[in-house]
Structures are given as structure tokens and as C-alpha cells.
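Here is final-v3.txt, consisting of compact mmCIF, C-alpha atoms:
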# COMPACT_ATOMS: atom_id res chain seq x y z
CA MET J 1 1.60 131.84 -76.19
CA LYS J 2 3.16 134.79 -77.97
CA LYS J 3 6.30 132.76 -78.54
CA ILE J 4 4.35 129.96 -80.21
CA VAL J 5 2.47 132.35 -82.43
CA SER J 6 5.76 134.05 -83.29
CA LEU J 7 7.23 130.67 -84.21
CA ALA J 8 4.25 129.96 -86.40
CA LEU J 9 4.75 133.30 -88.10
CA ALA J 10 8.50 133.07 -88.54
CA GLY J 11 9.39 133.95 -92.08
CA LEU J 12 5.85 134.57 -93.26
CA ALA J 13 6.92 138.02 -94.38
CA ALA J 14 9.47 136.50 -96.77
CA THR J 15 9.16 137.33 -100.42
CA PHE J 16 8.61 133.76 -101.63
CA VAL J 17 5.29 134.04 -103.36
CA LEU J 18 2.74 131.39 -104.24
CA PRO J 19 -1.00 131.62 -104.74
CA ALA J 20 -2.63 132.60 -101.45
CA SER J 21 -4.09 129.15 -101.07
CA ALA J 22 -0.61 127.66 -101.07
CA GLN J 23 1.37 130.22 -99.16
CA PHE J 24 4.55 128.88 -97.64
CA ALA J 25 7.15 130.97 -95.90
CA LYS J 26 10.04 129.29 -97.74
CA PRO J 27 10.46 126.80 -100.59
CA GLU J 28 11.87 124.33 -98.02
CA ASP J 29 8.58 124.47 -96.16
CA ALA J 30 6.66 123.67 -99.34
CA ILE J 31 8.96 120.73 -100.06
CA LYS J 32 8.65 119.43 -96.50
CA TYR J 33 4.89 119.95 -96.63
CA ARG J 34 4.37 117.83 -99.71
CA LYS J 35 6.67 115.08 -98.43
CA ASN J 36 5.02 115.05 -95.02
CA ALA J 37 1.51 114.97 -96.46
CA LEU J 38 2.48 112.16 -98.85
CA PHE J 39 3.94 110.15 -95.95
CA VAL J 40 0.78 110.54 -93.88
CA MET J 41 -1.26 109.51 -96.92
CA GLN J 42 0.99 106.52 -97.63
CA GLN J 43 0.84 105.25 -94.06
CA ASN J 44 -2.94 105.22 -94.18
CA PHE J 45 -3.12 103.78 -97.68
CA GLY J 46 -0.47 101.19 -96.80
CA ARG J 47 -2.60 99.94 -93.92
CA VAL J 48 -5.51 99.29 -96.28
CA ALA J 49 -3.18 97.82 -98.91
CA GLY J 50 -1.83 95.45 -96.26
CA MET J 51 -5.33 94.21 -95.58
CA ALA J 52 -6.07 93.90 -99.29
CA ALA J 53 -2.96 91.76 -99.69
CA GLY J 54 -3.81 89.60 -96.69
CA LYS J 55 -0.67 90.70 -94.86
CA VAL J 56 -2.68 92.06 -91.94
CA PRO J 57 -6.12 90.94 -90.78
CA PHE J 58 -8.97 92.73 -92.48
CA ASP J 59 -10.72 95.17 -90.16
CA ALA J 60 -13.49 96.93 -92.04
CA LYS J 61 -13.72 99.86 -89.62
CA VAL J 62 -9.99 100.54 -89.66
CA ALA J 63 -9.88 100.14 -93.44
CA ALA J 64 -12.69 102.65 -93.89
CA GLU J 65 -11.12 105.15 -91.48
CA SER J 66 -7.65 104.80 -92.98
CA ALA J 67 -8.92 105.12 -96.55
CA ALA J 68 -10.88 108.23 -95.57
CA VAL J 69 -7.76 109.81 -94.08
CA ALA J 70 -5.68 108.84 -97.13
CA ASP J 71 -8.33 110.40 -99.35
CA TYR J 72 -8.41 113.68 -97.42
CA VAL J 73 -4.67 114.00 -96.92
CA GLY J 74 -4.02 112.93 -100.53
CA LYS J 75 -5.47 116.25 -101.65
CA LEU J 76 -2.88 118.27 -99.74
CA PRO J 77 0.62 117.60 -101.16
CA TRP J 78 0.01 119.29 -104.50
CA ALA J 79 -0.01 122.81 -103.07
CA GLY J 80 3.62 122.17 -102.19
CA PHE J 81 4.72 121.83 -105.82
CA GLY J 82 4.51 125.53 -106.63
CA PRO J 83 7.03 127.50 -108.67
CA GLY J 84 10.45 127.72 -107.06
CA THR J 85 10.13 124.45 -105.17
CA ASP J 86 12.11 122.34 -107.65
CA LYS J 87 15.46 122.69 -105.89
CA GLY J 88 16.34 121.39 -102.45
CA ASP J 89 15.88 118.19 -100.47
CA THR J 90 13.65 116.57 -103.04
CA LYS J 91 13.50 113.78 -105.61
CA ALA J 92 11.07 115.80 -107.69
CA LYS J 93 12.05 115.77 -111.37
CA PRO J 94 12.10 119.00 -113.42
CA GLU J 95 9.32 117.48 -115.55
CA ILE J 96 6.86 118.38 -112.79
CA TRP J 97 7.27 122.00 -113.79
CA THR J 98 8.16 121.60 -117.47
CA ASN J 99 5.23 119.27 -118.13
CA LYS J 100 2.85 120.58 -115.51
CA ALA J 101 -0.31 119.52 -117.32
CA LYS J 102 0.81 115.89 -117.28
CA PHE J 103 1.85 116.12 -113.65
CA ASP J 104 -1.46 117.67 -112.65
CA GLU J 105 -3.25 114.89 -114.51
CA ALA J 106 -1.22 112.26 -112.65
CA ALA J 107 -1.91 113.96 -109.33
CA GLY J 108 -5.58 114.13 -110.23
CA LYS J 109 -5.62 110.45 -111.14
CA LEU J 110 -4.24 109.52 -107.72
CA GLN J 111 -6.88 111.62 -106.00
CA THR J 112 -9.65 110.10 -108.12
CA GLU J 113 -8.56 106.56 -107.39
CA MET J 114 -8.08 107.29 -103.68
CA GLY J 115 -11.59 108.74 -103.61
CA LYS J 116 -12.91 105.50 -105.12
CA LEU J 117 -11.00 103.49 -102.52
CA ALA J 118 -12.46 105.58 -99.69
CA ALA J 119 -15.93 105.01 -101.13
CA VAL J 120 -15.62 101.23 -101.46
CA ALA J 121 -13.88 100.94 -98.09
CA LYS J 122 -17.06 102.30 -96.52
CA THR J 123 -18.95 99.32 -97.90
CA GLY J 124 -16.60 96.86 -96.22
CA LYS J 125 -16.42 94.69 -99.33
CA LEU J 126 -12.88 93.35 -99.37
CA ASP J 127 -12.96 92.25 -103.03
CA ASP J 128 -13.88 95.76 -104.13
CA ILE J 129 -11.24 97.21 -101.81
CA LYS J 130 -8.60 95.02 -103.48
CA VAL J 131 -9.50 96.35 -106.92
CA ALA J 132 -9.42 99.95 -105.69
CA VAL J 133 -6.10 99.43 -103.86
CA ASN J 134 -4.54 98.17 -107.07
CA ALA J 135 -5.80 101.19 -108.96
CA VAL J 136 -4.32 103.53 -106.35
CA GLY J 137 -1.04 101.61 -106.45
CA GLY J 138 -0.99 102.00 -110.21
CA ALA J 139 -1.54 105.75 -109.93
CA CYS J 140 1.29 106.02 -107.38
CA LYS J 141 3.68 104.07 -109.56
CA SER J 142 2.83 105.85 -112.80
CA CYS J 143 3.46 109.27 -111.25
CA HIS J 144 6.65 108.13 -109.52
CA ASP J 145 7.97 106.62 -112.75
CA ASP J 146 7.52 109.88 -114.60
CA PHE J 147 8.12 112.51 -111.96
CA ARG J 148 10.26 111.14 -109.13
CA ALA J 149 13.98 110.51 -109.40
CA LYS J 150 15.26 107.15 -108.14
CA MET S 1 2.11 98.37 -109.67
CA LYS S 2 3.08 95.29 -107.70
CA LYS S 3 6.31 96.97 -106.71
CA ILE S 4 4.47 99.97 -105.30
CA VAL S 5 2.08 97.81 -103.34
CA SER S 6 5.02 95.78 -102.07
CA LEU S 7 6.70 98.98 -100.96
CA ALA S 8 3.55 100.03 -99.16
CA LEU S 9 3.48 96.67 -97.43
CA ALA S 10 7.15 96.52 -96.51
CA GLY S 11 7.48 95.60 -92.89
CA LEU S 12 3.77 95.37 -92.17
CA ALA S 13 4.29 91.83 -90.94
CA ALA S 14 6.67 93.07 -88.26
CA THR S 15 5.83 92.30 -84.68
CA PHE S 16 5.50 95.90 -83.51
CA VAL S 17 1.96 95.99 -82.23
CA LEU S 18 -0.40 98.89 -81.65
CA PRO S 19 -4.17 99.04 -81.60
CA ALA S 20 -5.49 98.21 -85.05
CA SER S 21 -6.50 101.82 -85.58
CA ALA S 22 -2.91 102.93 -85.15
CA GLN S 23 -0.97 100.17 -86.82
CA PHE S 24 2.50 101.16 -87.91
CA ALA S 25 5.10 98.82 -89.31
CA LYS S 26 7.88 100.21 -87.14
CA PRO S 27 8.17 102.66 -84.21
CA GLU S 28 10.15 104.97 -86.55
CA ASP S 29 7.13 105.14 -88.83
CA ALA S 30 4.91 106.15 -85.93
CA ILE S 31 7.38 108.85 -84.88
CA LYS S 32 7.67 110.16 -88.43
CA TYR S 33 3.89 110.02 -88.81
CA ARG S 34 3.18 112.20 -85.80
CA LYS S 35 5.90 114.70 -86.74
CA ASN S 36 4.71 114.88 -90.34
CA ALA S 37 1.07 115.31 -89.38
CA LEU S 38 1.99 118.02 -86.87
CA PHE S 39 3.99 119.87 -89.54
CA VAL S 40 1.11 119.78 -92.00
CA MET S 41 -1.20 121.02 -89.25
CA GLN S 42 1.23 123.78 -88.24
CA GLN S 43 1.67 125.03 -91.78
CA ASN S 44 -2.07 125.45 -92.17
CA PHE S 45 -2.56 126.92 -88.70
CA GLY S 46 0.43 129.21 -89.22
CA ARG S 47 -1.18 130.66 -92.33
CA VAL S 48 -4.29 131.62 -90.36
CA ALA S 49 -2.18 132.86 -87.44
CA GLY S 50 -0.27 135.05 -89.90
CA MET S 51 -3.52 136.63 -91.01
CA ALA S 52 -4.69 137.04 -87.41
CA ALA S 53 -1.46 138.86 -86.60
CA GLY S 54 -1.70 141.07 -89.67
CA LYS S 55 1.53 139.65 -91.09
CA VAL S 56 -0.20 138.49 -94.25
CA PRO S 57 -3.33 139.97 -95.83
CA PHE S 58 -6.56 138.46 -94.53
CA ASP S 59 -8.22 136.18 -97.08
CA ALA S 60 -11.39 134.73 -95.58
CA LYS S 61 -11.60 131.82 -98.02
CA VAL S 62 -7.99 130.76 -97.51
CA ALA S 63 -8.32 131.17 -93.75
CA ALA S 64 -11.39 128.95 -93.68
CA GLU S 65 -9.78 126.30 -95.88
CA SER S 66 -6.52 126.33 -93.94
CA ALA S 67 -8.27 126.14 -90.58
CA ALA S 68 -10.38 123.24 -91.81
CA VAL S 69 -7.27 121.34 -92.90
CA ALA S 70 -5.51 122.12 -89.60
CA ASP S 71 -8.57 120.85 -87.75
CA TYR S 72 -8.72 117.59 -89.70
CA VAL S 73 -4.99 116.89 -89.73
CA GLY S 74 -4.72 117.93 -86.06
CA LYS S 75 -6.63 114.77 -85.16
CA LEU S 76 -4.02 112.48 -86.71
CA PRO S 77 -0.69 112.80 -84.87
CA TRP S 78 -1.88 111.21 -81.63
CA ALA S 79 -2.07 107.71 -83.07
CA GLY S 80 1.69 107.96 -83.48
CA PHE S 81 2.33 108.22 -79.72
CA GLY S 82 1.65 104.55 -78.98
CA PRO S 83 3.67 102.36 -76.64
CA GLY S 84 7.24 101.78 -77.79
CA THR S 85 7.49 105.06 -79.68
CA ASP S 86 9.34 106.96 -76.94
CA LYS S 87 12.84 106.28 -78.27
CA GLY S 88 14.27 107.47 -81.56
CA ASP S 89 14.39 110.70 -83.56
CA THR S 90 12.02 112.56 -81.28
CA LYS S 91 11.82 115.35 -78.73
CA ALA S 92 8.95 113.58 -77.00
CA LYS S 93 9.43 113.54 -73.22
CA PRO S 94 8.89 110.33 -71.20
CA GLU S 95 6.04 112.12 -69.43
CA ILE S 96 3.88 111.46 -72.50
CA TRP S 97 3.78 107.83 -71.49
CA THR S 98 4.22 108.14 -67.72
CA ASN S 99 1.47 110.75 -67.44
CA LYS S 100 -0.66 109.69 -70.34
CA ALA S 101 -3.91 111.07 -68.94
CA LYS S 102 -2.42 114.57 -68.81
CA PHE S 103 -0.96 114.22 -72.30
CA ASP S 104 -4.25 112.99 -73.72
CA GLU S 105 -5.97 115.95 -72.10
CA ALA S 106 -3.47 118.36 -73.65
CA ALA S 107 -3.88 116.72 -77.06
CA GLY S 108 -7.64 116.92 -76.64
CA LYS S 109 -7.43 120.60 -75.71
CA LEU S 110 -5.54 121.36 -78.92
CA GLN S 111 -8.13 119.54 -80.98
CA THR S 112 -10.99 121.32 -79.22
CA GLU S 113 -9.46 124.74 -79.79
CA MET S 114 -8.58 123.95 -83.40
CA GLY S 115 -12.18 122.85 -83.93
CA LYS S 116 -13.34 126.20 -82.60
CA LEU S 117 -10.93 128.01 -84.91
CA ALA S 118 -12.21 126.06 -87.92
CA ALA S 119 -15.77 126.99 -86.93
CA VAL S 120 -15.13 130.71 -86.55
CA ALA S 121 -12.94 130.81 -89.65
CA LYS S 122 -16.01 129.76 -91.64
CA THR S 123 -17.76 132.92 -90.49
CA GLY S 124 -14.98 135.10 -91.84
CA LYS S 125 -14.98 137.29 -88.72
CA LEU S 126 -11.37 138.27 -88.21
CA ASP S 127 -11.82 139.40 -84.58
CA ASP S 128 -13.21 135.98 -83.64
CA ILE S 129 -10.45 134.28 -85.60
CA LYS S 130 -7.85 136.21 -83.59
CA VAL S 131 -9.30 134.99 -80.31
CA ALA S 132 -9.42 131.39 -81.54
CA VAL S 133 -5.87 131.56 -82.93
CA ASN S 134 -4.62 132.71 -79.53
CA ALA S 135 -6.41 129.82 -77.84
CA VAL S 136 -4.84 127.32 -80.26
CA GLY S 137 -1.43 128.91 -79.71
CA GLY S 138 -1.90 128.54 -75.98
CA ALA S 139 -2.80 124.87 -76.36
CA CYS S 140 0.31 124.29 -78.51
CA LYS S 141 2.57 126.02 -76.01
CA SER S 142 1.14 124.34 -72.93
CA CYS S 143 1.62 120.86 -74.41
CA HIS S 144 5.12 121.67 -75.72
CA ASP S 145 6.14 123.06 -72.31
CA ASP S 146 5.13 119.86 -70.57
CA PHE S 147 5.81 117.17 -73.12
CA ARG S 148 8.42 118.31 -75.65
CA ALA S 149 12.12 118.57 -74.89
CA LYS S 150 13.90 121.79 -75.92
The structure given in the file should be rewritten as C-alpha cells.
Amino acid sequence: MKKIVSLALAGLAATFVLPASAQFAKPEDAIKYRKNALFVMQQNFGRVAGMAAGKVPFDAKVAAESAAVADYVGKLPWAGFGPGTDKGDTKAKPEIWTNKAKFDEAAGKLQTEMGKLAAVAKTGKLDDIKVAVNAVGGACKSCHDDFRAK
Amino acid sequence: MKKIVSLALAGLAATFVLPASAQFAKPEDAIKYRKNALFVMQQNFGRVAGMAAGKVPFDAKVAAESAAVADYVGKLPWAGFGPGTDKGDTKAKPEIWTNKAKFDEAAGKLQTEMGKLAAVAKTGKLDDIKVAVNAVGGACKSCHDDFRAK
């Protein structure tokens, strides 16, 4: 048990400083955190998008659950874009930090649209889900176009 | 927009089959999903564990938020351990699938203890948080000992 807790604590005393709510031991952890959270979000969103596109059978319960997870997890990656996390194993463009207001707006747009998707997914209305999926897809693409290197 | 949605859909028509609630396009996606979700969980748990150990200053609000995220995200990885996901970039031992009842119990134990941590973290009582952190750490270690290769 002590070993596990020690592992969890490894590096926490490092001098890399972010707001307390987004404390990571190392910039690499922050980068990995945002990528991992985005992947978990994308897998859940992708499942709903697959149903919206008719690629997989529509299952209202699974769509609602997956959209809810995508909505929750979609709020997490942004803490990983703190100062000092621009270099490393990342496709993040410098504009994220040089034009932070625009980036925050784009991140907010994604979260807003994902929230709408989670809400309509609860209703089980596939036509509404399709509209919301497209809006989320648009928010993804817009942010990637501006802030993610190819 | 279409391109993004297409990307999200890539491979969803593949024949890799899991229960609808855990549909992944490829076994690699399932493996990445569980690893990514566990990392996001660990980062949030580790922050609370750091406070419990006195390695970082105790911030009740951050502890409560981080424990809540760890609790939510700690429910996600298990969908990624479906049939056919035993081979690949993973330290998962075969026992996960050959002794599934024991693995499910260990995964359940982690979720139970993380739920308790999230509950006590809301109270802001550091002594109770310490006890709950140790119980979560024990659940992590026990499962890793039995089901994760070194």
C-alpha cells in the first residue's frame, strides 16, 4: 500500500507550478492528462456519432450513457494546458498560449455543444442527436484547425 | 466538420464485437481507453493522496473536486477489459480473463473505496481523507499485484 501511495506521490514535490486545481507533478503529466482525457471523450462521443451516422445500430441507452461520459470527461483536458506545457510530446500549437482567450472560447464551445448533446441524448430522439453530434463535430474541427498541428 | 465526424467513425464498422455499452472499434482502442482512463483517475487521486501525505498543502476544495473526478473516471476503465483485449500494448495479465470474477471484484473494490474517498473529501476532514486514501491505495495495489505484470 505504501508503495502505491509513494508511486502516486512521485514528483509531487517538484517545482512545476500550476493553479492548485490543476496541479501536475511534471509538464509531461499535464500533456498526457489532456491527451488521455480527450481520447476517453472521443471514444464516447465517437460511439454516439457512429449511431447518428447510421454506422452502428442506434441504442438510446448506450447513446445517453456515452454522451453523458463525453460531457463529463470533456471538461477535464483543459486543466492540462497550463503554462509550461507547450513543449513535449504534443501537437499543441503555440497559439494556445499566445491567443489564450480564443483557445478558451473554443474549448468552451466544445463543452457547451457536448452538454447539449448529452441533454438531447437523454431524450432518445435520434434526429436531435444528429444535429447535436454535428455541432460537436464542428467544435472539434474548428479548435483543431486553429490550435492543433497536423 | 464531415472530416471530423468521419475520423470519429473510422473503423466503427469493424467486426470487433463487445457489449453495446463497451463498443470499441479495435482492441487497441479498448486497451488505450482503459489505460487513459486509469491515468486520468490516478492523476486526480494522486493529488488527494499528496495532500493526505502532507506532500502538498491541503486544499479542501481541490481535494473534493479531484476525488469526485477520480470517482467518476474510476468507473470507466473496466469497459476496456472486454474479450479479445488481452494482447497488445498492455501489462494486463491473462488472469483478468481466466479469473474474471476475482478481477471484477477487485475492480469493484477500487470503485467502492474511491466512492468513499469522494464522500469524505466533501466533508473536508483531512483525517478521514487519509484513511480513505489508504484504502484506495490498498485496492490499487491488491489489483496490480494480482492482475498487472511488472
Checklist line | Top pick for closest residue to Trp97 of chain S, considering S:Phe24, S:Tyr72, S:Phe58, S:Phe147 and counting all atoms listed in the file | finding: S:Phe147
Note to self: Need to verify the contact set: Lys75 of chain S, 10 Å, only C-alpha atoms, exclusion of same-chain residues closer than 4 positions in sequence. Can you return it as number ranges by chain?
What the structure shows: S: 37-38, 41, 70-71, 79, 107-108, 110-112, 114-115
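For the residues J:Lys102, J:Arg148, J:Lys116, J:Lys26, ranking by smallest atom-to-atom distance to Asn134 of chain J using only C-alpha atoms places J:Lys116 first.
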Next item on the list: Provide the atom CA of Ala139 of chain J to atom CA of Ile96 of chain J distance in Å, to one decimal place.
Entry: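 It comes out at 15.4 Å.
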Item checked: Two-atom distance - atom CA of Ser142 of chain J, atom CA of Glu28 of chain S (Å) -> 27.3 Å
Margin query: Give me, as a list in words, all polymer residues having an atom no more than 9 Å from Thr90 of chain S, counting only C-alpha atoms and skipping those fewer than 5 positions away in the same chain.
Written below: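 Neighbouring residues, sequence-local ones excluded: Ile31, Lys32, Lys35, Thr85, Arg148 and Ala149 of chain S.
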Notebook entry, point to check: With distances taken over only C-alpha atoms, which of S:Asp59, S:Glu113, S:Asp104, S:Asp146 is nearest to chain J?
Noted result: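 Of all the options, S:Asp59 lies closest to chain J.
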Check: Please, what distance in Å, to one decimal, runs between atom CA of Gly50 of chain J and atom CA of Leu76 of chain S?
Finding: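 Distance between the two atoms: 19.6 Å.
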To test the calculation: enclose all listed atoms of segment 114-122 of chain S in a box whose edges run along x, y and z, add 5 Å on each side, then state centre and edge lengths in Å to one decimal, as lines of an AutoDock Vina configuration file.
center_x = -12.3
center_y = 126.8
center_z = -87.1
size_x = 17.4
size_y = 18.0
size_z = 19.0
